[in-house]
file protein.cif (mmCIF, C-alpha atoms)
data_run
#
loop_
_atom_site.label_atom_id
_atom_site.label_comp_id
_atom_site.auth_asym_id
_atom_site.auth_seq_id
_atom_site.Cartn_x
_atom_site.Cartn_y
_atom_site.Cartn_z
CA MET A 1 -19.19 211.06 -70.70
CA LYS A 2 -16.83 209.46 -68.20
CA ASP A 3 -18.34 209.10 -64.71
CA LEU A 4 -15.83 210.11 -62.03
CA THR A 5 -17.90 208.83 -59.10
CA ASN A 6 -15.97 206.66 -56.64
CA ASP A 7 -15.59 206.19 -52.90
CA ILE A 8 -14.11 209.71 -52.53
CA ILE A 9 -16.17 211.87 -54.87
CA VAL A 10 -19.59 212.06 -56.50
CA HIS A 11 -19.89 213.23 -60.11
CA LYS A 12 -23.15 215.07 -60.74
CA ASN A 13 -24.86 216.32 -63.88
CA ILE A 14 -27.75 218.69 -63.19
CA ASN A 15 -29.39 220.16 -66.27
CA GLY A 16 -26.12 219.79 -68.17
CA THR A 17 -23.98 221.47 -65.53
CA GLU A 18 -21.42 218.99 -64.25
CA PHE A 19 -19.38 219.09 -61.07
CA ILE A 20 -17.84 216.85 -58.48
CA GLN A 21 -18.45 216.85 -54.73
CA PHE A 22 -16.50 215.22 -51.92
CA ARG A 23 -18.41 212.54 -50.05
CA ARG A 24 -16.81 213.68 -46.80
CA LEU A 25 -18.16 217.22 -47.14
CA LEU A 26 -21.58 215.89 -48.17
CA GLU A 27 -21.85 214.46 -44.65
CA PHE A 28 -22.59 217.98 -43.39
CA PRO A 29 -26.10 219.19 -44.34
CA ASN A 30 -25.21 222.83 -43.63
CA LEU A 31 -22.56 222.81 -46.39
CA LYS A 32 -22.82 223.43 -50.11
CA HIS A 33 -19.78 222.80 -52.25
CA CYS A 34 -18.62 221.74 -55.69
CA TYR A 35 -15.71 221.70 -58.11
CA THR A 36 -16.87 222.41 -61.65
CA LEU A 37 -16.21 220.58 -64.90
CA ARG A 38 -15.85 222.37 -68.23
CA LYS A 39 -19.06 221.00 -69.76
CA ASN A 40 -21.98 223.30 -70.65
CA GLY A 41 -19.66 226.28 -71.06
CA ILE A 42 -18.73 226.52 -67.39
CA ASN A 43 -15.74 228.85 -67.17
CA VAL A 44 -15.05 230.78 -63.97
CA GLN A 45 -12.90 233.42 -65.62
CA VAL A 46 -13.23 236.97 -66.91
CA LYS A 47 -12.34 236.86 -70.60
CA ASN A 48 -11.36 239.80 -72.79
CA GLY A 49 -12.40 242.26 -70.12
CA GLY A 50 -16.01 241.06 -70.10
CA LYS A 51 -17.90 239.32 -67.32
CA THR A 52 -20.74 237.82 -69.35
CA GLU A 53 -19.38 234.29 -69.51
CA LEU A 54 -18.36 234.43 -65.85
CA LEU A 55 -21.80 235.52 -64.69
CA GLU A 56 -23.50 232.92 -66.89
CA SER A 57 -21.28 230.25 -65.35
CA TYR A 58 -21.99 231.53 -61.84
CA SER A 59 -25.71 231.37 -62.59
CA LYS A 60 -25.55 227.79 -63.88
CA VAL A 61 -23.50 226.64 -60.90
CA VAL A 62 -25.67 228.34 -58.30
CA GLU A 63 -28.87 227.03 -59.88
CA SER A 64 -27.52 223.49 -60.02
CA LEU A 65 -25.85 223.51 -56.62
CA ASN A 66 -28.77 224.63 -54.48
CA LYS A 67 -32.31 224.00 -55.55
CA ASP A 68 -33.50 225.56 -52.30
CA LYS A 69 -32.14 228.90 -53.58
CA THR A 70 -30.04 229.50 -50.46
CA PHE A 71 -27.36 231.12 -52.59
CA THR A 72 -27.53 233.49 -55.54
CA ILE A 73 -24.79 235.10 -57.62
CA SER A 74 -24.73 237.99 -55.14
CA ASN A 75 -23.61 235.59 -52.39
CA ILE A 76 -20.37 234.70 -54.22
CA VAL A 77 -17.08 236.10 -52.94
CA LYS A 78 -14.10 235.42 -55.20
CA PRO A 79 -10.68 236.99 -54.59
CA HIS A 80 -8.48 238.30 -57.37
CA GLN A 81 -5.81 235.59 -57.37
CA THR A 82 -2.18 236.31 -58.21
CA HIS A 83 -0.32 233.25 -56.85
CA THR A 84 0.32 234.83 -53.45
CA ASP A 85 0.38 233.21 -50.01
CA LYS A 86 -2.22 235.65 -48.66
CA VAL A 87 -5.33 234.36 -46.89
CA GLU A 88 -8.01 236.81 -45.78
CA VAL A 89 -11.18 236.72 -43.67
CA VAL A 90 -14.53 237.30 -45.38
CA ASN A 91 -17.15 239.05 -43.26
CA SER A 92 -19.60 240.15 -45.94
CA THR A 93 -20.61 239.41 -49.52
CA SER A 94 -19.55 242.97 -50.31
CA ASP A 95 -15.92 242.23 -49.39
CA THR A 96 -13.42 242.43 -52.26
CA PHE A 97 -9.85 241.15 -52.28
CA GLU A 98 -6.91 241.99 -54.54
CA ASN A 99 -3.78 239.84 -54.68
CA VAL A 100 -5.31 237.25 -52.37
CA ASP A 101 -5.38 233.50 -53.01
CA GLY A 102 -7.26 232.16 -50.00
CA VAL A 103 -10.42 233.15 -48.14
CA ILE A 104 -11.96 231.88 -44.90
CA THR A 105 -15.18 232.72 -43.06
CA ASN A 106 -17.48 231.66 -40.25
CA LYS A 107 -20.41 233.50 -41.79
CA GLU A 108 -23.42 231.76 -43.31
CA ASN A 109 -24.85 232.64 -46.74
CA ILE A 110 -21.46 233.45 -48.25
CA LEU A 111 -20.35 231.28 -51.16
CA LEU A 112 -16.56 231.33 -51.39
CA CYS A 113 -15.01 230.73 -54.80
CA THR A 114 -11.53 230.24 -56.22
CA SER A 115 -10.62 229.34 -59.78
CA SER A 116 -7.92 227.16 -61.31
CA ALA A 117 -6.72 225.39 -64.44
CA ASP A 118 -4.24 222.78 -63.15
CA CYS A 119 -3.57 224.62 -59.90
CA THR A 120 -4.91 223.09 -56.70
CA SER A 121 -8.00 224.34 -54.90
CA LEU A 122 -8.19 223.38 -51.23
CA PHE A 123 -11.58 223.11 -49.50
CA PHE A 124 -11.39 223.56 -45.71
CA TYR A 125 -14.07 222.89 -43.11
CA ASP A 126 -14.17 222.81 -39.32
CA ASP A 127 -17.53 221.47 -38.15
CA GLU A 128 -16.83 222.34 -34.50
CA LYS A 129 -16.30 226.06 -35.11
CA LYS A 130 -18.33 226.17 -38.34
CA VAL A 131 -15.54 227.71 -40.40
CA ILE A 132 -14.90 227.19 -44.11
CA GLY A 133 -11.98 228.02 -46.35
CA ASP A 134 -11.29 228.11 -50.08
CA VAL A 135 -7.66 228.34 -51.17
CA HIS A 136 -5.96 228.53 -54.57
CA SER A 137 -2.59 226.79 -54.30
CA GLY A 138 -0.69 226.81 -57.58
CA TRP A 139 2.94 225.75 -57.61
CA ARG A 140 4.00 229.15 -56.33
CA GLY A 141 1.40 229.05 -53.57
CA THR A 142 2.41 225.52 -52.66
CA LEU A 143 6.04 226.61 -52.53
CA GLN A 144 4.94 229.36 -50.12
CA LYS A 145 2.85 226.87 -48.06
CA ILE A 146 -0.42 228.76 -48.49
CA GLY A 147 -2.41 225.71 -47.37
CA LYS A 148 -0.59 225.63 -44.04
CA LYS A 149 -1.04 229.40 -43.70
CA ALA A 150 -4.79 228.98 -44.24
CA VAL A 151 -4.93 226.53 -41.34
CA GLU A 152 -2.92 228.93 -39.17
CA LYS A 153 -5.36 231.72 -40.10
CA MET A 154 -8.34 229.53 -39.12
CA ILE A 155 -6.65 228.89 -35.78
CA SER A 156 -5.74 232.53 -35.08
CA GLU A 157 -9.02 234.07 -36.28
CA TYR A 158 -11.56 231.50 -35.13
CA ASP A 159 -9.76 229.39 -32.52
CA CYS A 160 -10.07 226.29 -34.69
CA LYS A 161 -8.28 223.14 -33.58
CA PRO A 162 -6.29 221.65 -36.47
CA GLU A 163 -7.37 218.12 -35.59
CA ASN A 164 -10.97 219.18 -36.34
CA ILE A 165 -10.19 220.67 -39.76
CA ILE A 166 -10.96 218.73 -42.94
CA CYS A 167 -9.16 219.57 -46.18
CA CYS A 168 -10.26 218.22 -49.55
CA ILE A 169 -7.80 218.51 -52.43
CA SER A 170 -9.38 219.33 -55.79
CA PRO A 171 -8.48 217.90 -59.19
CA CYS A 172 -5.17 219.44 -60.24
CA ILE A 173 -2.04 218.76 -62.23
CA LYS A 174 -0.38 215.68 -60.79
CA LYS A 175 3.23 214.56 -60.73
CA CYS A 176 2.75 212.72 -64.03
CA HIS A 177 2.33 216.04 -65.87
CA PHE A 178 3.88 218.75 -63.67
CA GLU A 179 7.14 218.89 -65.58
CA VAL A 180 9.65 221.63 -64.77
CA GLU A 181 13.27 222.54 -65.44
CA GLU A 182 16.26 222.93 -63.14
CA ASP A 183 15.35 226.39 -61.80
CA VAL A 184 11.92 225.46 -60.47
CA MET A 185 13.11 222.04 -59.31
CA GLN A 186 15.84 223.67 -57.21
CA MET A 187 13.28 225.96 -55.54
CA PHE A 188 11.25 222.97 -54.42
CA LYS A 189 14.33 221.02 -53.42
CA ASN A 190 15.64 223.89 -51.29
CA GLU A 191 12.26 224.56 -49.66
CA PHE A 192 11.28 220.99 -48.85
CA ALA A 193 14.60 219.20 -48.29
CA TYR A 194 13.85 219.26 -44.54
CA THR A 195 10.97 216.80 -45.06
CA GLY A 196 13.37 214.00 -45.94
CA ARG A 197 11.03 213.07 -48.80
CA ILE A 198 12.63 214.83 -51.76
CA ASP A 199 12.98 211.55 -53.64
CA GLU A 200 9.17 211.22 -53.49
CA ILE A 201 8.48 214.87 -54.23
CA ILE A 202 10.91 215.25 -57.16
CA GLU A 203 11.45 212.69 -59.89
CA LYS A 204 14.08 213.03 -62.58
CA GLY A 205 12.28 213.04 -65.91
CA LYS A 206 13.18 212.98 -69.55
CA VAL A 207 15.70 215.09 -71.47
CA VAL A 208 14.08 217.35 -74.07
CA ASP A 209 16.28 219.16 -76.60
CA GLY A 210 19.22 218.65 -74.30
CA ILE A 211 17.39 220.04 -71.26
CA GLN A 212 16.82 217.82 -68.20
CA LYS A 213 13.22 217.82 -67.00
CA TYR A 214 11.87 217.01 -63.53
CA ASN A 215 8.41 216.04 -62.26
CA ILE A 216 7.13 217.59 -59.03
CA ASP A 217 4.41 216.15 -56.75
CA THR A 218 2.67 219.25 -55.40
CA THR A 219 -0.21 217.17 -54.03
CA LEU A 220 2.20 215.27 -51.80
CA ILE A 221 3.71 218.58 -50.66
CA ASN A 222 0.26 219.86 -49.70
CA LYS A 223 -0.42 216.68 -47.75
CA ILE A 224 2.90 217.06 -45.92
CA ILE A 225 2.40 220.71 -44.99
CA LEU A 226 -1.21 220.16 -43.93
CA ALA A 227 -0.05 217.37 -41.64
CA GLU A 228 2.62 219.74 -40.30
CA ALA A 229 -0.18 222.19 -39.54
CA GLY A 230 -1.83 219.53 -37.37
CA LEU A 231 -4.48 218.00 -39.64
CA LYS A 232 -5.18 214.31 -39.18
CA GLU A 233 -4.18 212.12 -42.11
CA SER A 234 -7.78 210.88 -42.31
CA ASN A 235 -8.95 214.49 -42.72
CA ILE A 236 -6.73 215.18 -45.75
CA ILE A 237 -8.71 213.90 -48.71
CA ASP A 238 -7.32 213.84 -52.24
CA SER A 239 -9.60 213.70 -55.28
CA ASN A 240 -6.85 211.70 -57.05
CA ILE A 241 -7.74 213.39 -60.37
CA CYS A 242 -5.19 214.92 -62.75
CA THR A 243 -6.64 217.82 -64.73
CA VAL A 244 -4.19 217.21 -67.58
CA CYS A 245 -4.97 213.49 -67.85
CA ASP A 246 -8.67 214.42 -67.82
CA SER A 247 -8.43 217.68 -69.77
CA ASP A 248 -11.52 216.66 -71.74
CA LEU A 249 -13.42 217.08 -68.46
CA PHE A 250 -11.55 219.92 -66.76
CA HIS A 251 -9.94 223.15 -67.92
CA SER A 252 -6.16 222.63 -68.09
CA PHE A 253 -3.55 225.25 -68.88
CA ARG A 254 -0.95 222.59 -69.67
CA ALA A 255 -3.31 220.99 -72.18
CA ASP A 256 -4.98 224.08 -73.66
CA GLY A 257 -2.45 226.87 -73.16
CA GLU A 258 -3.59 230.49 -73.17
CA ALA A 259 -7.00 229.43 -74.48
CA SER A 260 -7.68 227.54 -71.26
CA GLY A 261 -10.71 228.41 -69.15
CA ARG A 262 -10.94 228.04 -65.36
CA ASN A 263 -12.61 225.50 -63.10
CA GLY A 264 -14.44 226.83 -60.05
CA ALA A 265 -14.22 225.65 -56.43
CA PHE A 266 -17.27 226.76 -54.46
CA ILE A 267 -18.06 226.28 -50.76
CA GLY A 268 -20.60 227.93 -48.48
CA MET A 269 -22.55 227.38 -45.26
CA MET A 270 -26.27 227.71 -44.68
#
call {"tool": "encode", "arguments": {"input": "protein.cif", "output": "structure tokens"}}
result
Amino acid sequence: MKDLTNDIIVHKNINGTEFIQFRRLLEFPNLKHCYTLRKNGINVQVKNGGKTELLESYSKVVESLNKDKTFTISNIVKPHQTHTDKVEVVNSTSDTFENVDGVITNKENILLCTSSADCTSLFFYDDEKKVIGDVHSGWRGTLQKIGKKAVEKMISEYDCKPENIICCISPCIKKCHFEVEEDVMQMFKNEFAYTGRIDEIIEKGKVVDGIQKYNIDTTLINKIILAEAGLKESNIIDSNICTVCDSDLFHSFRADGEASGRNGAFIGMM
């Protein structure tokens, strides 16, 4: 098995359950976090109307992530994601959220979770105010600047200062594989032309069956909008992993289609 460990992330295998962690977030002993790999049947998704596989995956992750048993399955709060730009505050493990793609909290003993299969998960942490965030930013969410809206929510709800906020960018589909056609390309071009970096964001790709393709760099967009929100460049940390390139390690919709599972992004405070 390929070891992904480098100066940005640590790749762990605990009893067959594999996940990565960001070295920057590991600096804070009150934090627990991970982004799961697909090994050992980990799939953070409800399949065919049943929750058995989901709960089994939750159990494996929780057991591997915290040997001190700080968190259990009942501590997990996961919104029902529908590619919105909505970010909500979590006050209790009993909170439920429909059509929400980002959650933030200043409460301990809550394990936030989002799921993805090529989409980006954004981990947020402010050590001054002790606030965490977990955001699902697919291409639609990125187009709607959900990452920036999460920062604004942390500021308005908890008086966070953007210069104190860290954001770690999960493995996701990178520019090399995020291939779109004219309609989607134009949406990104129209939305982000003001940045003056369209030539970096959009690259003209190949022609397939007479149709011009384009490659979009959603990771760069997230970095740009997070900087616009006031985050320091040094506090925006990219995993530099493409889920399609490494689809043997991560669930990838582009690689596996409708059969794809979901990777889980978990973060909580003790």
call {"tool": "resolve_selection", "arguments": {"input": "protein.cif", "expression": "the PyMOL selection byres ((chain A and resi 89-93) around 7)", "output": "list in words"}}
result
Asn75, Ile76, Val77, Glu88, Ser94, Asp95, Val103, Ile104, Thr105, Lys107 and Ile110 of chain A
call {"tool": "residues_around", "arguments": {"input": "protein.cif", "residues": "Ala117 in chain A", "least_positions_apart": "5", "cutoff": "10 Å", "atoms": "all atoms listed in the file", "output": "mmCIF file with C-alpha atoms, keeping the file's coordinate frame"}}
result
data_model
loop_
_atom_site.group_PDB
_atom_site.id
_atom_site.type_symbol
_atom_site.label_atom_id
_atom_site.label_comp_id
_atom_site.auth_asym_id
_atom_site.auth_seq_id
_atom_site.Cartn_x
_atom_site.Cartn_y
_atom_site.Cartn_z
ATOM 1 C CA VAL A 44 -15.050 230.780 -63.970
ATOM 2 C CA GLY A 138 -0.690 226.810 -57.580
ATOM 3 C CA PRO A 171 -8.480 217.900 -59.190
ATOM 4 C CA CYS A 172 -5.170 219.440 -60.240
ATOM 5 C CA ILE A 173 -2.040 218.760 -62.230
ATOM 6 C CA THR A 243 -6.640 217.820 -64.730
ATOM 7 C CA VAL A 244 -4.190 217.210 -67.580
ATOM 8 C CA SER A 247 -8.430 217.680 -69.770
ATOM 9 C CA PHE A 250 -11.550 219.920 -66.760
ATOM 10 C CA HIS A 251 -9.940 223.150 -67.920
ATOM 11 C CA SER A 252 -6.160 222.630 -68.090
ATOM 12 C CA PHE A 253 -3.550 225.250 -68.880
ATOM 13 C CA ARG A 254 -0.950 222.590 -69.670
ATOM 14 C CA ALA A 255 -3.310 220.990 -72.180
ATOM 15 C CA ASP A 256 -4.980 224.080 -73.660
ATOM 16 C CA GLY A 257 -2.450 226.870 -73.160
ATOM 17 C CA SER A 260 -7.680 227.540 -71.260
ATOM 18 C CA GLY A 261 -10.710 228.410 -69.150
ATOM 19 C CA ARG A 262 -10.940 228.040 -65.360
ATOM 20 C CA ASN A 263 -12.610 225.500 -63.100
ATOM 21 C CA GLY A 264 -14.440 226.830 -60.050
#
call {"tool": "closest_residue", "arguments": {"input": "protein.cif", "among": "A:Asp118, A:Asp127, A:Asp3, A:Glu63", "to": "Pro29 in chain A", "atoms": "all atoms listed in the file"}}
result
A:Asp127
call {"tool": "resolve_selection", "arguments": {"input": "protein.cif", "expression": "the PyMOL selection byres ((chain A and resi 219-226) around 10)", "output": "PyMOL selection string"}}
result
chain A and resi 120+122+137+139+142-143+145-151+162+165-167+169-175+188+192+195+197-198+200-201+216-218+227-233+235-238+240
call {"tool": "residues_around", "arguments": {"input": "protein.cif", "residues": "range 205-212 of chain A", "least_positions_apart": "2", "cutoff": "12 Å", "atoms": "only C-alpha atoms", "output": "list of chain:residue names"}}
result
A:Lys175, A:Cys176, A:His177, A:Phe178, A:Glu179, A:Val180, A:Glu181, A:Glu182, A:Asp183, A:Val184, A:Met185, A:Ile202, A:Glu203, A:Tyr214, A:Asn215, A:Ile216
call {"tool": "atom_distance", "arguments": {"input": "protein.cif", "atom1": "CA of Asn6 in chain A", "atom2": "CA of Phe71 in chain A"}}
result
27.3 Å
call {"tool": "atom_distance", "arguments": {"input": "protein.cif", "atom1": "CA of Asp85 in chain A", "atom2": "CA of Phe123 in chain A"}}
result
15.7 Å
call {"tool": "residues_around", "arguments": {"input": "protein.cif", "residues": "Glu56 in chain A", "least_positions_apart": "5", "cutoff": "9 Å", "atoms": "all atoms listed in the file", "output": "VMD selection string"}}
result
chain A and resid 41 to 43 51 61
call {"tool": "atom_distance", "arguments": {"input": "protein.cif", "atom1": "CA of Arg140 in chain A", "atom2": "CA of Leu25 in chain A"}}
result
26.8 Å
call {"tool": "closest_residue", "arguments": {"input": "protein.cif", "among": "A:Cys160, A:Cys168, A:Leu111, A:Ile241", "to": "Glu128 in chain A", "atoms": "only C-alpha atoms"}}
result
A:Cys160
call {"tool": "resolve_selection", "arguments": {"input": "protein.cif", "expression": "the PyMOL selection byres ((chain A and resi 134) around 9)", "output": "PyMOL selection string"}}
result
chain A and resi 101-104+112-114+121-124+132-133+135-136+150+265-267
call {"tool": "closest_residue", "arguments": {"input": "protein.cif", "among": "A:Asn40, A:Ser239, A:Ser57, A:Gln186", "to": "Asp7 in chain A", "atoms": "only C-alpha atoms"}}
result
A:Ser239
